[in-house]
Structure formats: C-alpha cells, structure tokens
Amino acid sequence: MYTDKVIDQFQNPRNVGELDNADGVGEVGSPACGDIMKMYLKIEDGVIVDVKFKTFGCGAAVATSSIATEMIKGKTLEEAEKLTNSMVIDELGGLPHEKVHCSVLAEQAIKAAIKDYKSKHGIQE
Ligand code: FES
Ligand code: FES
C-alpha cells in the first residue's frame, strides 16, 4: 500500500519540531479529517535556511511533510511557493488515493508560513 520511501519518511521523519526564532509560521487544518499541521521557516536573504514541522496528522501527513521540508530546504521563497502536493507525492513514489488529502497539508502550511513571513516584512505578494 505504501512505498518504501513513504515508510522511511514516516518512521524516520526529518525536520520535526519547532523553530524558536522562526521568520514565518504557517498553521493549517484539513477540512477532510480535522488534522492540523504547523510549519516553521527560518529565512535568510530570500532563502529557506531551516524548516521544521509539527503535525497531529496521520502517517501520510508525517511522511509528506517530512519530504516536503527536505524539498524546500535551501530553496528560494519563489521556488518553495511552487511546491505542490503532487510534486511531493511523486517524490515519494505515490500515495494511496484516500491519503492524497493529507499531502495537501504540507503544501498549504508552507504557503501559509511564507505568507506570514512576507506580511511581517511588508513584502507584497
Ligand atoms: Fe489527517 Fe492524514 S488523516 S492528516
Ligand atoms: Fe486525514 Fe486526512 S483523513 S488528512
């Protein structure tokens, strides 16, 4: 049902936790299951230098968020904003259909955190 990559990311999630000095924080909830995802970004010169996440979501939410943090670390805000849940699912080698909505949490939380950073710094969208 789950690819080896999903299982690895779920069992050994990367970048779990909080950042005390986060420049942008995004929190989103899933209308489908009510689960919550929080994403913390450390940003220097328009580049994401550190990222951590916390979720009350399921294993698929953990795996997709974990790999999503790896995919945006070291990337510019513009690049990170383009990350979609489909790209995350592709990177994981697929996700069961009924778990696709869980992967939306990471994308939305990253976008919310970038928006938070921009609004705090007076950057226009
Ligand atoms: Fe809620 Fe997956 S079931 S995050
Ligand atoms: Fe959970 Fe999915 S039922 S995000």
# chains A, B, ... in the order shown; residues from 1 in each chain; ligands from 1
>>> residues_around(residues="range 6-13 of chain A", least_positions_apart="3", cutoff="7 Å", atoms="only C-alpha atoms", output="ChimeraX atom specification")
/A:2-3,16,59,62-63,66-67,92
>>> residues_near_ligand(ligand="ligand 2", cutoff="6 Å", atoms="only C-alpha atoms and all ligand atoms", output="PyMOL selection string")
chain A and resi 30+32-33+35+101-102
>>> residues_around(residues="Glu18 in chain A", least_positions_apart="5", cutoff="12 Å", atoms="only C-alpha atoms", output="PyMOL selection string")
chain A and resi 23-26+37-42+50-55
>>> select_by_dssp(residues="chain A", states="alpha helix (DSSP H)", output="ChimeraX atom specification")
/A:4-11,59-72,77-81,85-91,100-120
>>> residues_around(residues="Asp90 in chain A", least_positions_apart="2", cutoff="12 Å", atoms="only C-alpha atoms", output="ChimeraX atom specification")
/A:3,5-6,64,67-68,71,83-88,92-96,100,103
>>> write_last_selection(atoms="N, CA, C and O atoms", output="compact mmCIF listing (two decimals), in the first residue's frame")
# COMPACT_ATOMS: atom_id res chain seq x y z
N THR A 3 4.77 3.05 -0.40
CA THR A 3 6.11 2.82 -0.96
C THR A 3 7.14 2.81 0.17
O THR A 3 6.88 3.31 1.27
N LYS A 5 9.70 4.56 0.39
CA LYS A 5 10.05 5.94 0.71
C LYS A 5 9.06 6.55 1.71
O LYS A 5 9.44 7.27 2.62
N VAL A 6 7.77 6.23 1.52
CA VAL A 6 6.76 6.73 2.46
C VAL A 6 7.02 6.14 3.85
O VAL A 6 7.02 6.86 4.86
N THR A 64 4.61 13.01 4.09
CA THR A 64 4.60 14.05 3.05
C THR A 64 5.21 15.35 3.57
O THR A 64 5.92 16.04 2.83
N ILE A 67 9.19 14.91 3.78
CA ILE A 67 9.89 15.02 2.49
C ILE A 67 9.73 16.42 1.92
O ILE A 67 10.64 16.95 1.28
N ALA A 68 8.60 17.06 2.20
CA ALA A 68 8.40 18.43 1.71
C ALA A 68 9.43 19.38 2.34
O ALA A 68 9.96 20.26 1.67
N MET A 71 12.56 19.02 0.55
CA MET A 71 12.49 19.58 -0.80
C MET A 71 12.62 21.09 -0.82
O MET A 71 13.03 21.67 -1.83
N LEU A 83 6.06 24.58 -4.79
CA LEU A 83 5.92 23.18 -4.39
C LEU A 83 4.44 22.81 -4.26
O LEU A 83 3.69 23.49 -3.58
N THR A 84 4.06 21.75 -4.94
CA THR A 84 2.67 21.29 -4.84
C THR A 84 2.62 19.91 -4.21
O THR A 84 3.64 19.20 -4.16
N ASN A 85 1.44 19.53 -3.75
CA ASN A 85 1.33 18.20 -3.14
C ASN A 85 1.57 17.10 -4.18
O ASN A 85 2.04 16.02 -3.82
N SER A 86 1.30 17.39 -5.46
CA SER A 86 1.58 16.37 -6.50
C SER A 86 3.08 16.11 -6.60
O SER A 86 3.51 14.97 -6.79
N MET A 87 3.89 17.19 -6.49
CA MET A 87 5.34 17.02 -6.55
C MET A 87 5.83 16.19 -5.37
O MET A 87 6.72 15.36 -5.50
N VAL A 88 5.22 16.42 -4.21
CA VAL A 88 5.60 15.68 -3.00
C VAL A 88 5.24 14.20 -3.17
O VAL A 88 6.03 13.31 -2.87
N LEU A 92 7.68 10.80 -3.40
CA LEU A 92 7.50 9.63 -2.52
C LEU A 92 7.21 8.35 -3.31
O LEU A 92 7.12 7.27 -2.72
N GLY A 93 7.05 8.49 -4.62
CA GLY A 93 6.74 7.32 -5.43
C GLY A 93 5.28 6.93 -5.37
O GLY A 93 4.91 5.80 -5.69
N GLY A 94 4.43 7.88 -4.94
CA GLY A 94 2.99 7.62 -4.93
C GLY A 94 2.43 7.54 -3.53
O GLY A 94 3.17 7.36 -2.56
N LEU A 95 1.10 7.71 -3.47
CA LEU A 95 0.39 7.68 -2.18
C LEU A 95 -1.00 7.11 -2.47
O LEU A 95 -1.58 7.41 -3.51
N PRO A 96 -1.53 6.29 -1.57
CA PRO A 96 -2.88 5.77 -1.81
C PRO A 96 -3.88 6.93 -1.99
O PRO A 96 -3.75 7.95 -1.31
N VAL A 100 -4.36 11.20 -0.29
CA VAL A 100 -3.86 12.37 -1.03
C VAL A 100 -4.18 13.66 -0.29
O VAL A 100 -3.37 14.58 -0.24
N SER A 103 -1.61 15.02 2.06
CA SER A 103 -0.42 15.65 1.50
C SER A 103 -0.64 17.13 1.20
O SER A 103 0.32 17.88 1.02
>>> atom_distance(atom1="CA of Gly17 in chain A", atom2="CA of His97 in chain A")
27.6 Å
